[in-house]
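Since the structure comes first, as structure tokens, the remarks are kept for the end.
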Amino acid sequence: MKLPRSLIIGILGIIVIVVFVVYNAYCNWCTVGADFYRVRLIEVIQLFATGLIAIYIAYMVGSNIQNDQKRKEVLIDLIKKYNDDLNELMDISYDYISSPAREKEGKIKISFKHANMLLGVAIKSKFLVPRNKEASDCLCSIVNLFLKLKRYVTDTPFGQNTPKYDDLQITYIQTTYNSILGKIYEYRMHIYK
Amino acid sequence: MITIDILKDFSATPGARYITDGPYSGEDFRDRFLDGHFADHAADYKIKIILDGTEGYATSFLEEAFGGLARKYGKQRCLDRFEFISEEEEFLPREIKDYIEHCNDKLETKK
């Protein structure tokens with residue numbers, strides 16, 4: 001494990017102080033009498049140990065905060081990628097609904113598959129933010145809404161020779177899409193809570 | 001147990017719901033690959049369906065293939081006999097089981 005520079009400097013600093021104090025205690029170099037140092041030698045060692053523990057704790061806390069931040073960033077990147085894919089997917093879907101064509105069907109299926117895969121990775125990465133029930137619940141809602149959206153877009157009339165989506169189905173698609181966007185926003189807030 | 005690999009045995013580009021909608025439809029898949037295993041009511045061997053490798057599945061395909069089968073032979077019988085494998089799409093098996101369980105429901109927008 002590579003120790004950070006600040007930790008090494010801290011430890012070296014404490015060693016220098018202790019060496020200085022112990023040297024004075026034995027060589028009577030300073031103006032203070034040797035008895036003073038002899039009485040306090042055990043305390044100096046205790047101080048050294050306390051200093052080391054303090055530096056170690058500060059280092060561990062700092063390192064945990066950094067790791068926690070990195071874990072959150074991984075999830076945020078993942079959900080951002082999902083958000084981008086979803087937007088693209090909706091563009092293709094709206095395009096298909098307004099002017100259906102066979103070649104667009106393949107694109108829609110592939111896009112749903114990619115987005116589904118990303119959500120799968122996000123669900124598997126839930127352990128990165130443990131004890132965050134709100135974020136976890138939010139992710140589950142996104143999955144449920146996404147499966148609903150897929151059904152609204154790719155169930156019949158999808159794939160028919162002349163598909164025609166009725167107004168209610170289009171409304172459901174828009175509403176579900178907006179709900180997912182809202183949940184994504186909520187998820188981001190819960191991650192950084 | 002028998003295994004059906006949709007990519008190898010059927011198509012890399014599964015289509016829509018009915019045969020009249022175009023090639024590789026859910027109805028076509030059900031007729032050619034699934035119906036035969038359910039015709040004998042005593043048969044209870046497992047059917048493993050490998051879903052990976054295709055370009056993806058439309059709901060209309062999945063609903064007609066598996067939901068349609070459940071409408072014909074019963075939900076529980078289908079749920080008991082199928083084992084769905086998808087390494088790529090985490091939620092695909094759950095999605096198909098949902099279509100089987102709600103095979104008699106109409107799509108919300110059609111109510």
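Chains: A, B, ... in order of the structure tokens. Residues: from 1 per chain. Ligands: from 1, in order shown.
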Residues of chain A near chain B: apply a cut-off of 12 Å, count only C-alpha atoms, and supply the list as a ChimeraX atom specification.
/A:102-103,105-124,140,143-144,146-163,165-173
Those selected residues, please, written with N, CA and C atoms and delivered as a compact mmCIF listing (two decimals), in the first residue's frame.
```txt
# COMPACT_ATOMS: atom_id res chain seq x y z
N ARG A 102 -39.62 -0.12 -41.12
CA ARG A 102 -39.06 -1.38 -40.61
C ARG A 102 -37.68 -1.21 -39.98
N GLU A 103 -36.82 -0.42 -40.64
CA GLU A 103 -35.44 -0.30 -40.15
C GLU A 103 -35.38 0.39 -38.77
N GLU A 105 -37.49 -0.17 -36.38
CA GLU A 105 -37.88 -1.16 -35.36
C GLU A 105 -36.65 -1.81 -34.74
N GLY A 106 -35.70 -2.18 -35.60
CA GLY A 106 -34.46 -2.80 -35.11
C GLY A 106 -33.73 -1.86 -34.17
N LYS A 107 -33.66 -0.58 -34.56
CA LYS A 107 -32.95 0.41 -33.74
C LYS A 107 -33.61 0.53 -32.36
N ILE A 108 -34.93 0.52 -32.36
CA ILE A 108 -35.66 0.65 -31.09
C ILE A 108 -35.37 -0.54 -30.18
N LYS A 109 -35.40 -1.75 -30.78
CA LYS A 109 -35.16 -2.95 -29.98
C LYS A 109 -33.74 -2.95 -29.40
N ILE A 110 -32.78 -2.56 -30.24
CA ILE A 110 -31.38 -2.52 -29.77
C ILE A 110 -31.23 -1.48 -28.66
N SER A 111 -31.87 -0.31 -28.85
CA SER A 111 -31.76 0.75 -27.84
C SER A 111 -32.37 0.32 -26.51
N PHE A 112 -33.51 -0.36 -26.57
CA PHE A 112 -34.12 -0.85 -25.32
C PHE A 112 -33.20 -1.87 -24.66
N LYS A 113 -32.60 -2.69 -25.48
CA LYS A 113 -31.69 -3.72 -24.93
C LYS A 113 -30.51 -3.05 -24.22
N HIS A 114 -29.91 -2.05 -24.87
CA HIS A 114 -28.75 -1.36 -24.26
C HIS A 114 -29.14 -0.69 -22.95
N ALA A 115 -30.27 0.00 -22.97
CA ALA A 115 -30.71 0.69 -21.76
C ALA A 115 -31.00 -0.32 -20.64
N ASN A 116 -31.59 -1.44 -21.02
CA ASN A 116 -31.89 -2.50 -20.06
C ASN A 116 -30.59 -3.04 -19.44
N MET A 117 -29.56 -3.19 -20.29
CA MET A 117 -28.27 -3.70 -19.81
C MET A 117 -27.65 -2.73 -18.80
N LEU A 118 -27.75 -1.43 -19.12
CA LEU A 118 -27.18 -0.42 -18.21
C LEU A 118 -27.90 -0.42 -16.86
N LEU A 119 -29.22 -0.57 -16.92
CA LEU A 119 -29.98 -0.61 -15.66
C LEU A 119 -29.59 -1.84 -14.84
N GLY A 120 -29.33 -2.94 -15.55
CA GLY A 120 -28.89 -4.17 -14.88
C GLY A 120 -27.59 -3.94 -14.15
N VAL A 121 -26.66 -3.24 -14.79
CA VAL A 121 -25.37 -2.94 -14.16
C VAL A 121 -25.59 -2.04 -12.94
N ALA A 122 -26.49 -1.05 -13.09
CA ALA A 122 -26.77 -0.13 -11.98
C ALA A 122 -27.35 -0.89 -10.78
N ILE A 123 -28.24 -1.83 -11.05
CA ILE A 123 -28.84 -2.62 -9.96
C ILE A 123 -27.75 -3.47 -9.29
N LYS A 124 -26.87 -4.05 -10.11
CA LYS A 124 -25.80 -4.88 -9.55
C LYS A 124 -24.80 -4.04 -8.76
N CYS A 140 -35.24 0.97 -8.21
CA CYS A 140 -36.28 -0.05 -8.48
C CYS A 140 -37.45 0.58 -9.23
N VAL A 143 -36.54 1.01 -12.83
CA VAL A 143 -36.64 -0.26 -13.56
C VAL A 143 -38.10 -0.55 -13.92
N ASN A 144 -38.99 -0.43 -12.94
CA ASN A 144 -40.42 -0.72 -13.19
C ASN A 144 -40.99 0.20 -14.27
N PHE A 146 -39.32 1.74 -16.56
CA PHE A 146 -38.67 1.45 -17.85
C PHE A 146 -39.35 0.26 -18.53
N LEU A 147 -39.67 -0.77 -17.75
CA LEU A 147 -40.34 -1.94 -18.33
C LEU A 147 -41.73 -1.56 -18.85
N LYS A 148 -42.38 -0.64 -18.13
CA LYS A 148 -43.69 -0.15 -18.60
C LYS A 148 -43.53 0.59 -19.92
N LEU A 149 -42.51 1.46 -19.96
CA LEU A 149 -42.25 2.24 -21.17
C LEU A 149 -42.00 1.32 -22.36
N LYS A 150 -41.22 0.27 -22.11
CA LYS A 150 -40.92 -0.68 -23.20
C LYS A 150 -42.22 -1.29 -23.72
N ARG A 151 -43.10 -1.61 -22.78
CA ARG A 151 -44.37 -2.22 -23.18
C ARG A 151 -45.21 -1.25 -24.01
N TYR A 152 -45.25 0.02 -23.57
CA TYR A 152 -46.06 1.00 -24.30
C TYR A 152 -45.53 1.23 -25.71
N VAL A 153 -44.18 1.19 -25.84
CA VAL A 153 -43.59 1.48 -27.16
C VAL A 153 -43.60 0.25 -28.06
N THR A 154 -43.24 -0.93 -27.50
CA THR A 154 -42.99 -2.07 -28.40
C THR A 154 -44.09 -3.13 -28.40
N ASP A 155 -45.19 -2.86 -27.68
CA ASP A 155 -46.31 -3.79 -27.85
C ASP A 155 -47.09 -3.35 -29.09
N THR A 156 -47.98 -4.23 -29.55
CA THR A 156 -48.80 -3.89 -30.72
C THR A 156 -49.37 -2.48 -30.57
N PRO A 157 -49.28 -1.65 -31.55
CA PRO A 157 -49.08 -1.86 -32.99
C PRO A 157 -47.62 -1.94 -33.47
N PHE A 158 -46.65 -1.92 -32.57
CA PHE A 158 -45.25 -1.98 -32.99
C PHE A 158 -45.03 -3.22 -33.88
N GLY A 159 -44.39 -3.02 -34.98
CA GLY A 159 -44.05 -4.14 -35.86
C GLY A 159 -45.12 -4.52 -36.86
N GLN A 160 -46.29 -3.87 -36.77
CA GLN A 160 -47.33 -4.16 -37.75
C GLN A 160 -46.96 -3.53 -39.09
N ASN A 161 -47.66 -3.96 -40.12
CA ASN A 161 -47.33 -3.41 -41.44
C ASN A 161 -47.61 -1.91 -41.54
N THR A 162 -48.72 -1.50 -40.95
CA THR A 162 -49.00 -0.05 -40.90
C THR A 162 -49.37 0.31 -39.45
N PRO A 163 -48.35 0.41 -38.60
CA PRO A 163 -48.65 0.66 -37.17
C PRO A 163 -49.24 2.05 -36.94
N TYR A 165 -50.32 4.28 -33.57
CA TYR A 165 -50.45 4.42 -32.11
C TYR A 165 -51.61 5.36 -31.82
N ASP A 166 -52.49 4.97 -30.88
CA ASP A 166 -53.58 5.90 -30.57
C ASP A 166 -53.09 6.96 -29.57
N ASP A 167 -53.89 8.01 -29.44
CA ASP A 167 -53.47 9.16 -28.61
C ASP A 167 -53.20 8.76 -27.16
N LEU A 168 -54.02 7.86 -26.65
CA LEU A 168 -53.87 7.45 -25.25
C LEU A 168 -52.51 6.75 -25.04
N GLN A 169 -52.15 5.89 -26.00
CA GLN A 169 -50.87 5.17 -25.89
C GLN A 169 -49.70 6.15 -25.95
N ILE A 170 -49.81 7.16 -26.81
CA ILE A 170 -48.75 8.17 -26.91
C ILE A 170 -48.65 8.95 -25.60
N THR A 171 -49.82 9.26 -25.02
CA THR A 171 -49.83 9.98 -23.74
C THR A 171 -49.14 9.14 -22.66
N TYR A 172 -49.44 7.84 -22.63
CA TYR A 172 -48.81 6.94 -21.65
C TYR A 172 -47.28 6.91 -21.84
N ILE A 173 -46.86 6.90 -23.10
CA ILE A 173 -45.42 6.87 -23.40
C ILE A 173 -44.76 8.14 -22.84
```
Separation of CA of Ile47 (chain B) from CA of Pro93 (chain B), in Å and rounded to one decimal:
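Computed distance, CA of Ile47 (chain B) to CA of Pro93 (chain B), equals 13.4 Å.
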When you count only C-alpha atoms, which of these residues is closest to Lys183 (chain A): A:Gln69, A:Asn132, A:Asn83, A:Ser93?
A:Asn83
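CA of Thr176 (chain A) sits 13.5 Å away from CA of Tyr94 (chain A).
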Just the alpha helix (DSSP H) stuff from chain B, please, per backbone DSSP, written as a ChimeraX atom specification.
/B:26-29,35-38,59-62,68-73,75-81,92-101
Using DSSP on the backbone, list every residue of chain B that comes out as strand (DSSP E or B), and give them as a list in words.
Ile2, Thr3, Ile4, Asp5, Ile47, Lys48, Ile49, Ile50, Phe82, Glu83, Phe84 and Ile85 of chain B
Using only C-alpha atoms, which residues sit within 8 Å of region 66-70 of chain B once same-chain residues fewer than 4 positions away are excluded, as a compact mmCIF listing (two decimals) with N, CA, C and O atoms, in the first residue's frame?
```
# COMPACT_ATOMS: atom_id res chain seq x y z
N GLU B 27 -45.81 -15.35 -32.74
CA GLU B 27 -46.75 -16.43 -33.08
C GLU B 27 -46.00 -17.56 -33.80
O GLU B 27 -46.20 -18.74 -33.48
N ARG B 30 -43.85 -19.44 -31.28
CA ARG B 30 -44.69 -20.30 -30.42
C ARG B 30 -45.13 -21.55 -31.18
O ARG B 30 -45.02 -22.66 -30.66
N LEU B 34 -42.62 -23.97 -29.33
CA LEU B 34 -43.16 -24.16 -27.97
C LEU B 34 -44.38 -25.06 -27.92
O LEU B 34 -44.48 -25.93 -27.05
N ASP B 35 -45.31 -24.86 -28.84
CA ASP B 35 -46.58 -25.61 -28.81
C ASP B 35 -46.38 -27.12 -28.68
O ASP B 35 -47.06 -27.77 -27.88
N LEU B 62 -42.69 -11.14 -27.32
CA LEU B 62 -42.64 -11.91 -26.07
C LEU B 62 -44.04 -12.22 -25.56
O LEU B 62 -44.31 -13.33 -25.09
N GLY B 74 -52.34 -22.55 -19.82
CA GLY B 74 -52.39 -22.21 -18.39
C GLY B 74 -51.11 -21.55 -17.91
O GLY B 74 -50.01 -21.94 -18.32
N LYS B 75 -51.29 -20.55 -17.03
CA LYS B 75 -50.13 -19.78 -16.54
C LYS B 75 -49.16 -20.66 -15.75
O LYS B 75 -47.96 -20.65 -15.98
N GLN B 76 -49.72 -21.39 -14.79
CA GLN B 76 -48.87 -22.12 -13.86
C GLN B 76 -48.03 -23.17 -14.58
O GLN B 76 -46.86 -23.36 -14.28
N ARG B 77 -48.66 -23.82 -15.55
CA ARG B 77 -47.95 -24.85 -16.30
C ARG B 77 -46.75 -24.24 -17.03
O ARG B 77 -45.66 -24.82 -17.05
N CYS B 78 -46.96 -23.07 -17.58
CA CYS B 78 -45.86 -22.39 -18.29
C CYS B 78 -44.78 -21.95 -17.30
O CYS B 78 -43.59 -22.17 -17.55
N ILE B 96 -40.71 -11.50 -19.01
CA ILE B 96 -41.46 -12.58 -19.67
C ILE B 96 -42.41 -13.24 -18.66
O ILE B 96 -43.57 -13.53 -18.99
N TYR B 99 -45.43 -11.30 -18.36
CA TYR B 99 -46.37 -11.47 -19.47
C TYR B 99 -47.16 -12.76 -19.31
O TYR B 99 -48.34 -12.82 -19.66
N ILE B 100 -46.51 -13.78 -18.78
CA ILE B 100 -47.20 -15.06 -18.56
C ILE B 100 -48.25 -14.88 -17.45
O ILE B 100 -49.41 -15.27 -17.60
N GLU B 101 -47.82 -14.26 -16.35
CA GLU B 101 -48.73 -14.09 -15.21
C GLU B 101 -49.94 -13.21 -15.55
O GLU B 101 -51.02 -13.39 -15.02
N HIS B 102 -49.70 -12.22 -16.41
CA HIS B 102 -50.80 -11.31 -16.77
C HIS B 102 -51.27 -11.54 -18.20
O HIS B 102 -51.65 -10.60 -18.90
N CYS B 103 -51.27 -12.79 -18.60
CA CYS B 103 -51.57 -13.11 -20.00
C CYS B 103 -53.00 -12.75 -20.41
O CYS B 103 -53.29 -12.57 -21.58
```
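Note that the spacing between CA of Asp137 (chain A) and CA of Glu83 (chain B) amounts to 27.3 Å.
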